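Data file: entry-v5.cif. Format and content: mmCIF, C-alpha atoms and all ligand atoms.
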data_target
#
loop_
_atom_site.label_atom_id
_atom_site.label_comp_id
_atom_site.auth_asym_id
_atom_site.auth_seq_id
_atom_site.Cartn_x
_atom_site.Cartn_y
_atom_site.Cartn_z
CA ASP A 678 53.35 -0.46 -69.02
CA CYS A 679 55.86 -2.77 -67.37
CA VAL A 680 59.09 -1.00 -68.37
CA ASP A 681 61.54 -1.46 -65.52
CA ILE A 682 62.59 2.20 -65.07
CA LEU A 683 64.06 1.71 -61.60
CA GLY A 684 66.08 -1.31 -62.76
CA MET A 685 67.36 0.66 -65.78
CA LEU A 686 68.35 3.60 -63.58
CA VAL A 687 70.36 1.39 -61.23
CA LYS A 688 71.91 -0.39 -64.24
CA CYS A 689 73.04 2.99 -65.65
CA SER A 690 74.48 4.00 -62.28
CA ASN A 691 76.40 0.74 -61.91
CA PHE A 692 77.64 0.90 -65.53
CA ALA A 693 78.94 4.47 -65.09
CA ALA A 694 80.48 3.64 -61.68
CA VAL A 695 82.40 0.68 -63.14
CA LYS A 696 83.52 2.66 -66.23
CA HIS A 697 84.67 5.72 -64.23
CA SER A 698 86.01 3.69 -61.29
CA THR A 699 89.68 4.67 -61.63
CA GLN A 700 89.06 8.31 -62.59
CA ARG A 701 89.12 11.48 -60.51
CA ARG A 702 87.85 15.02 -61.10
CA LYS A 703 90.35 17.83 -61.64
CA ASP A 704 89.57 19.61 -58.34
CA PRO A 705 92.39 19.75 -55.75
CA ALA A 706 90.53 17.20 -53.57
CA LYS A 707 90.57 14.72 -56.52
CA THR A 708 86.91 13.88 -56.03
CA PRO A 709 85.86 10.48 -57.50
CA TYR A 710 84.73 11.06 -61.11
CA ILE A 711 81.36 9.33 -60.59
CA ASN A 712 80.27 12.20 -58.29
CA HIS A 713 79.98 14.32 -61.47
CA PRO A 714 77.49 12.28 -63.56
CA ILE A 715 75.43 11.53 -60.44
CA GLY A 716 75.50 15.24 -59.54
CA VAL A 717 74.42 16.24 -63.07
CA ALA A 718 71.45 13.83 -62.85
CA TYR A 719 70.59 15.24 -59.40
CA ILE A 720 70.65 18.84 -60.71
CA LEU A 721 68.15 17.75 -63.37
CA THR A 722 65.69 16.12 -60.94
CA GLU A 723 66.13 18.37 -57.90
CA GLU A 724 66.63 21.80 -59.51
CA GLY A 725 65.33 21.33 -63.06
CA GLY A 726 62.24 19.33 -62.10
CA VAL A 727 63.06 16.91 -64.92
CA ARG A 728 61.16 13.61 -64.78
CA ASP A 729 62.03 12.21 -68.22
CA ALA A 730 63.81 8.94 -67.35
CA SER A 731 65.77 8.90 -70.63
CA VAL A 732 67.27 12.31 -69.81
CA ILE A 733 68.25 11.23 -66.28
CA MET A 734 69.80 7.98 -67.55
CA ALA A 735 71.67 9.81 -70.32
CA ALA A 736 72.96 12.28 -67.69
CA ILE A 737 74.38 9.41 -65.61
CA LEU A 738 76.04 7.97 -68.73
CA HIS A 739 76.98 11.31 -70.35
CA ASP A 740 80.78 11.14 -69.96
CA THR A 741 81.30 7.38 -70.38
CA VAL A 742 81.94 7.50 -74.15
CA GLU A 743 83.96 10.73 -74.05
CA ASP A 744 86.14 9.82 -71.08
CA THR A 745 86.34 5.99 -70.89
CA ASP A 746 86.71 3.04 -73.32
CA THR A 747 82.91 2.82 -73.66
CA THR A 748 81.54 2.88 -77.23
CA LEU A 749 78.16 4.20 -78.43
CA ASP A 750 77.38 0.68 -79.70
CA GLU A 751 77.85 -0.62 -76.15
CA ILE A 752 75.46 2.07 -74.81
CA LYS A 753 72.93 1.20 -77.53
CA LYS A 754 73.15 -2.52 -76.78
CA GLU A 755 72.80 -2.06 -73.00
CA PHE A 756 70.37 0.88 -72.83
CA GLY A 757 68.72 1.25 -76.26
CA HIS A 758 68.92 3.69 -79.14
CA GLN A 759 67.08 6.57 -77.46
CA ILE A 760 69.54 6.92 -74.56
CA ALA A 761 72.48 6.20 -76.90
CA GLY A 762 71.29 9.04 -79.13
CA ILE A 763 71.31 11.56 -76.27
CA VAL A 764 74.75 10.38 -75.10
CA ALA A 765 76.04 10.73 -78.69
CA GLU A 766 74.83 14.34 -78.79
CA VAL A 767 76.73 15.28 -75.62
CA THR A 768 79.95 13.46 -76.58
CA ASP A 769 82.90 15.45 -77.99
CA ASP A 770 84.95 13.80 -80.74
CA LYS A 771 88.31 13.35 -79.01
CA ALA A 772 89.95 12.76 -82.43
CA LEU A 773 89.52 16.49 -83.12
CA PRO A 774 91.92 19.15 -81.80
CA TYR A 775 91.01 20.75 -78.43
CA ASP A 776 90.05 24.15 -79.88
CA GLU A 777 87.88 22.57 -82.59
CA ARG A 778 86.02 20.41 -80.04
CA LYS A 779 85.29 23.49 -77.94
CA ARG A 780 84.15 25.47 -81.02
CA LEU A 781 81.83 22.68 -82.15
CA GLN A 782 80.06 22.64 -78.76
CA ILE A 783 79.07 26.28 -79.38
CA VAL A 784 78.02 25.51 -82.98
CA HIS A 785 76.03 22.33 -82.18
CA ALA A 786 74.23 23.59 -79.04
CA PRO A 787 71.29 25.35 -80.78
CA THR A 788 70.40 22.38 -83.03
CA SER A 789 70.70 19.67 -80.38
CA SER A 790 67.58 17.91 -79.07
CA ARG A 791 65.69 19.20 -76.01
CA GLU A 792 66.91 16.10 -74.10
CA ALA A 793 70.57 16.78 -74.97
CA LYS A 794 70.13 20.49 -74.14
CA LEU A 795 68.94 19.56 -70.64
CA VAL A 796 71.98 17.34 -70.03
CA LYS A 797 74.31 20.04 -71.41
CA LEU A 798 72.76 22.75 -69.19
CA ALA A 799 73.13 20.62 -66.04
CA ASP A 800 76.68 19.58 -67.05
CA LYS A 801 77.77 23.22 -67.48
CA LEU A 802 76.08 24.22 -64.21
CA TYR A 803 77.90 21.43 -62.32
CA ASN A 804 81.30 22.25 -63.85
CA LEU A 805 80.99 26.01 -63.25
CA ARG A 806 79.98 25.42 -59.62
CA ASP A 807 83.07 23.19 -59.28
CA LEU A 808 85.24 25.98 -60.69
CA GLU A 809 83.71 28.54 -58.30
CA LYS A 810 84.56 26.25 -55.37
CA ALA A 811 88.17 25.55 -56.34
CA THR A 812 90.58 26.03 -59.24
CA PRO A 813 91.89 22.74 -60.72
CA GLU A 814 95.61 22.19 -60.25
CA GLY A 815 97.61 23.74 -63.10
CA TRP A 816 94.81 26.05 -64.26
CA SER A 817 95.74 29.74 -64.55
CA ASP A 818 93.20 32.45 -63.66
CA GLU A 819 93.10 33.15 -67.41
CA LYS A 820 92.16 29.52 -68.22
CA VAL A 821 89.38 29.66 -65.60
CA ALA A 822 88.08 32.96 -67.04
CA GLU A 823 88.20 31.49 -70.58
CA TYR A 824 86.19 28.47 -69.40
CA PHE A 825 83.44 30.71 -67.96
CA LYS A 826 83.34 32.76 -71.17
CA TRP A 827 83.24 29.67 -73.43
CA SER A 828 80.50 28.10 -71.25
CA SER A 829 78.36 31.22 -71.59
CA LYS A 830 78.61 30.92 -75.38
CA VAL A 831 77.53 27.26 -75.30
CA VAL A 832 74.65 28.10 -72.92
CA GLU A 833 73.45 30.86 -75.34
CA GLY A 834 72.58 28.05 -77.74
CA LEU A 835 70.77 26.00 -75.08
CA ARG A 836 68.28 28.66 -73.92
CA GLY A 837 64.53 28.25 -73.83
CA THR A 838 64.88 24.75 -72.40
CA ASN A 839 64.65 24.95 -68.58
CA ARG A 840 63.91 28.17 -66.67
CA GLN A 841 65.47 27.10 -63.36
CA LEU A 842 68.75 25.78 -64.75
CA GLU A 843 69.14 28.81 -67.01
CA ALA A 844 68.45 31.18 -64.08
CA SER A 845 71.13 29.45 -61.98
CA LEU A 846 73.61 29.67 -64.86
CA ASP A 847 72.77 33.36 -65.40
CA GLU A 848 73.53 34.07 -61.73
CA ILE A 849 76.96 32.48 -62.16
CA PHE A 850 77.64 34.36 -65.40
CA SER A 851 76.65 37.70 -63.84
CA ARG A 852 79.13 37.08 -60.99
CA HIS A 853 81.79 36.75 -63.68
CA ASP A 854 80.64 39.83 -65.66
CA LEU A 855 79.33 37.76 -68.57
P1 LIG A 901 89.38 21.11 -70.40
O1 LIG A 901 89.55 22.55 -70.62
O2 LIG A 901 88.47 20.41 -71.33
O3 LIG A 901 88.93 20.85 -68.89
C1 LIG A 901 87.63 21.19 -68.49
C2 LIG A 901 86.76 19.96 -68.41
O4 LIG A 901 87.26 19.11 -67.39
C3 LIG A 901 85.34 20.28 -68.02
O5 LIG A 901 84.57 20.57 -69.16
C4 LIG A 901 84.91 19.02 -67.30
O6 LIG A 901 84.48 18.12 -68.33
C5 LIG A 901 86.19 18.47 -66.71
N1 LIG A 901 86.41 18.71 -65.28
C6 LIG A 901 86.92 17.81 -64.38
N2 LIG A 901 87.07 18.34 -63.18
C7 LIG A 901 86.63 19.61 -63.26
C8 LIG A 901 86.53 20.65 -62.30
N3 LIG A 901 86.91 20.49 -61.02
N4 LIG A 901 86.04 21.86 -62.70
C9 LIG A 901 85.65 22.02 -63.97
N5 LIG A 901 85.72 21.07 -64.94
C10 LIG A 901 86.22 19.86 -64.58
O7 LIG A 901 90.68 20.31 -70.54
P2 LIG A 901 92.11 20.41 -69.84
O8 LIG A 901 92.54 21.80 -69.63
O9 LIG A 901 92.12 19.47 -68.69
O10 LIG A 901 92.97 19.81 -71.01
C11 LIG A 901 92.60 18.58 -71.61
C12 LIG A 901 93.56 18.32 -72.76
O11 LIG A 901 93.52 19.38 -73.72
C13 LIG A 901 94.98 18.24 -72.27
O12 LIG A 901 95.64 17.21 -72.93
C14 LIG A 901 95.56 19.61 -72.66
O13 LIG A 901 96.94 19.52 -72.87
C15 LIG A 901 94.81 19.89 -73.95
N6 LIG A 901 94.74 21.31 -74.24
C16 LIG A 901 94.42 22.19 -73.24
C17 LIG A 901 94.34 23.51 -73.48
C18 LIG A 901 94.01 24.41 -72.35
O14 LIG A 901 93.82 25.61 -72.54
N7 LIG A 901 93.90 23.87 -71.15
C19 LIG A 901 94.58 24.06 -74.81
C20 LIG A 901 94.86 23.06 -75.77
C21 LIG A 901 94.94 21.77 -75.48
P3 LIG A 901 83.45 16.90 -68.10
O15 LIG A 901 82.11 17.44 -67.76
O16 LIG A 901 83.48 16.23 -69.45
O17 LIG A 901 84.07 16.05 -67.04
ZN ZN A 902 80.30 16.13 -67.78
#
Show this structure as structure tokens.
Amino acid sequence: DCVDILGMLVKCSNFAAVKHSTQRRKDPAKTPYINHPIGVAYILTEEGGVRDASVIMAAILHDTVEDTDTTLDEIKKEFGHQIAGIVAEVTDDKALPYDERKRLQIVHAPTSSREAKLVKLADKLYNLRDLEKATPEGWSDEKVAEYFKWSSKVVEGLRGTNRQLEASLDEIFSRHDL
């Protein structure tokens, strides 16, 4: 009907841009953080053929709760329970130890919703492409190799969701003998 999808999309983009405004990626060029959520959304539309507006909006917002002071209640109030639900599914609990957070991503992947699986697939694809372009400062070759291996385990639990994204991830994994 008269749902303002375009207005919601721009609202998400502005919200994420304000929340991530002081943050940078870990690449040597210190790319502005907002390039990542926008790039994840673009992978979904351009490569994944995704046209579900809730998935695209959740992709733009996907790291706001994990990496800024944003709460899930704030997301729910501004964007509704559906988008908040997807963001919740792709948010690690930072109160847990690093290794436990990484383990839970592998465990939770297979039972997450189709919408969350799409965001997770595009997020992994973006991060692995970043790592193939340049190693973050302070990361050993071993840490990079571990990240590729861990990502392949998470992606195992996300399969059967989007042929294109999975094919692109498989190409990356094969380059790294995974
Ligand atoms: P991660 O291993 O979690 O770093 C990878 C994450 O950083 C990605 O999932 C991605 O997450 C984000 N990211 C930002 N820029 C890039 C990029 N250019 N390429 C790929 N990913 C990128 O964490 P860190 O190693 O940074 O460590 C975080 C904390 O955990 C630190 O306090 C550290 O001391 C602690 N810790 C680290 C360990 C280790 O092995 N490094 C072991 C134990 C603890 P997103 O999509 O969410 O942006
Ligand atoms: Zn991310």
Could you work out how far CA of Asp744 in chain A lies from CA of Ala772 in chain A, giving the answer in Å with one decimal?
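If I compute the distance from CA of Ala772 in chain A to CA of Asp744 in chain A, I get 12.3 Å.
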Just how far from CA of Ala799 in chain A is CA of His713 in chain A, in Å to one decimal?
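These two atoms are separated by 10.4 Å.
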Please report the interatomic distance between CA of Arg806 in chain A and CA of Gly762 in chain A in Å with one decimal.
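For CA of Arg806 in chain A relative to CA of Gly762 in chain A, the distance reads 26.9 Å.
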At a cut-off of 10 Å and counting all atoms listed in the file, what residues surround ligand ZN 902 (chain A)? Please answer as a ChimeraX atom specification.
/A:710-711,713-717,736-741,743-744,767-768,796-797,799-804
Can you pull out every residue within 10 Å of Ser789 in chain A, counting all atoms listed in the file, but drop anything in the same chain fewer than 4 positions away, and send it as a PDB file with C-alpha atoms, in the coordinates of the input?
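File written: part.pdb
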ATOM      1  CA  ILE A 763      71.310  11.560 -76.270  1.00  0.00           C
ATOM      2  CA  GLU A 766      74.830  14.340 -78.790  1.00  0.00           C
ATOM      3  CA  VAL A 767      76.730  15.280 -75.620  1.00  0.00           C
ATOM      4  CA  GLN A 782      80.060  22.640 -78.760  1.00  0.00           C
ATOM      5  CA  VAL A 784      78.020  25.510 -82.980  1.00  0.00           C
ATOM      6  CA  HIS A 785      76.030  22.330 -82.180  1.00  0.00           C
ATOM      7  CA  ALA A 793      70.570  16.780 -74.970  1.00  0.00           C
ATOM      8  CA  LYS A 794      70.130  20.490 -74.140  1.00  0.00           C
ATOM      9  CA  LEU A 795      68.940  19.560 -70.640  1.00  0.00           C
ATOM     10  CA  LYS A 797      74.310  20.040 -71.410  1.00  0.00           C
ATOM     11  CA  GLY A 834      72.580  28.050 -77.740  1.00  0.00           C
ATOM     12  CA  LEU A 835      70.770  26.000 -75.080  1.00  0.00           C
TER      13      LEU A 835
END
Spatial neighbours of Ser731 in chain A, max dist 10 Å, only C-alpha atoms, sep filter under 5 positions, as a CSV table (one decimal) with C-alpha atoms, in the coordinates of the input:
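Contents of the output file around.csv:
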chain,number,residue,atom,x,y,z
A,682,ILE,CA,62.6,2.2,-65.1
A,685,MET,CA,67.4,0.7,-65.8
A,686,LEU,CA,68.4,3.6,-63.6
A,736,ALA,CA,73.0,12.3,-67.7
A,737,ILE,CA,74.4,9.4,-65.6
A,756,PHE,CA,70.4,0.9,-72.8
A,757,GLY,CA,68.7,1.2,-76.3
A,759,GLN,CA,67.1,6.6,-77.5
A,760,ILE,CA,69.5,6.9,-74.6
A,761,ALA,CA,72.5,6.2,-76.9
A,763,ILE,CA,71.3,11.6,-76.3
A,792,GLU,CA,66.9,16.1,-74.1
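Among A:Ile849, A:Ala811, A:Val742, A:Ile720, the residue with the shortest atom-to-atom distance to Ser829 in chain A, counting only C-alpha atoms, is A:Ile849.
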With distances taken over only C-alpha atoms, which residue among A:Val821, A:Val727, A:Val832, A:Val732 lies nearest Ala844 in chain A?
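For Ala844 in chain A, the nearest of the candidates is A:Val832.
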Is it possible to add N, CA, C and O atoms to range 798-818 of chain A and hand it back as a compact mmCIF listing (two decimals), keeping the file's coordinate frame?
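Writing the result to rebuild_17.txt gives the following:
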# COMPACT_ATOMS: atom_id res chain seq x y z
N LEU A 798 72.97 21.67 -70.16
CA LEU A 798 72.76 22.75 -69.19
C LEU A 798 73.20 22.32 -67.80
O LEU A 798 73.91 23.05 -67.10
N ALA A 799 72.79 21.12 -67.38
CA ALA A 799 73.13 20.62 -66.04
C ALA A 799 74.63 20.34 -65.93
O ALA A 799 75.24 20.59 -64.88
N ASP A 800 75.24 19.85 -67.02
CA ASP A 800 76.68 19.58 -67.05
C ASP A 800 77.47 20.88 -66.87
O ASP A 800 78.41 20.96 -66.05
N LYS A 801 77.08 21.93 -67.61
CA LYS A 801 77.77 23.22 -67.48
C LYS A 801 77.57 23.79 -66.07
O LYS A 801 78.53 24.29 -65.46
N LEU A 802 76.35 23.69 -65.55
CA LEU A 802 76.08 24.22 -64.21
C LEU A 802 76.97 23.52 -63.17
O LEU A 802 77.58 24.17 -62.32
N TYR A 803 77.06 22.20 -63.26
CA TYR A 803 77.90 21.43 -62.32
C TYR A 803 79.36 21.85 -62.43
O TYR A 803 80.03 22.10 -61.41
N ASN A 804 79.88 21.93 -63.67
CA ASN A 804 81.30 22.25 -63.85
C ASN A 804 81.64 23.67 -63.40
O ASN A 804 82.69 23.91 -62.81
N LEU A 805 80.73 24.62 -63.66
CA LEU A 805 80.99 26.01 -63.25
C LEU A 805 80.92 26.15 -61.73
O LEU A 805 81.70 26.91 -61.14
N ARG A 806 80.02 25.42 -61.09
CA ARG A 806 79.98 25.42 -59.62
C ARG A 806 81.28 24.83 -59.06
O ARG A 806 81.82 25.34 -58.08
N ASP A 807 81.78 23.77 -59.68
CA ASP A 807 83.07 23.19 -59.28
C ASP A 807 84.16 24.25 -59.36
O ASP A 807 84.97 24.41 -58.44
N LEU A 808 84.19 24.97 -60.48
CA LEU A 808 85.24 25.98 -60.69
C LEU A 808 85.11 27.14 -59.71
O LEU A 808 86.11 27.74 -59.32
N GLU A 809 83.88 27.46 -59.30
CA GLU A 809 83.71 28.54 -58.30
C GLU A 809 84.19 28.08 -56.92
O GLU A 809 84.61 28.91 -56.11
N LYS A 810 84.11 26.78 -56.66
CA LYS A 810 84.56 26.25 -55.37
C LYS A 810 86.08 26.18 -55.29
O LYS A 810 86.67 26.49 -54.26
N ALA A 811 86.71 25.72 -56.36
CA ALA A 811 88.17 25.55 -56.34
C ALA A 811 88.73 25.51 -57.76
O ALA A 811 88.09 24.97 -58.67
N THR A 812 89.91 26.06 -57.94
CA THR A 812 90.58 26.03 -59.24
C THR A 812 91.35 24.71 -59.39
O THR A 812 92.10 24.34 -58.49
N PRO A 813 91.14 23.98 -60.51
CA PRO A 813 91.89 22.74 -60.72
C PRO A 813 93.40 23.02 -60.73
O PRO A 813 93.83 24.11 -61.15
N GLU A 814 94.16 22.04 -60.27
CA GLU A 814 95.61 22.19 -60.25
C GLU A 814 96.13 22.45 -61.66
O GLU A 814 95.71 21.79 -62.61
N GLY A 815 97.02 23.45 -61.80
CA GLY A 815 97.61 23.74 -63.10
C GLY A 815 96.80 24.70 -63.96
O GLY A 815 97.24 25.05 -65.05
N TRP A 816 95.62 25.10 -63.49
CA TRP A 816 94.81 26.05 -64.26
C TRP A 816 95.16 27.48 -63.84
O TRP A 816 95.09 27.82 -62.65
N SER A 817 95.50 28.32 -64.82
CA SER A 817 95.74 29.74 -64.55
C SER A 817 94.40 30.45 -64.38
O SER A 817 93.35 29.92 -64.79
N ASP A 818 94.42 31.65 -63.77
CA ASP A 818 93.20 32.45 -63.66
C ASP A 818 92.62 32.72 -65.05
O ASP A 818 91.40 32.77 -65.24
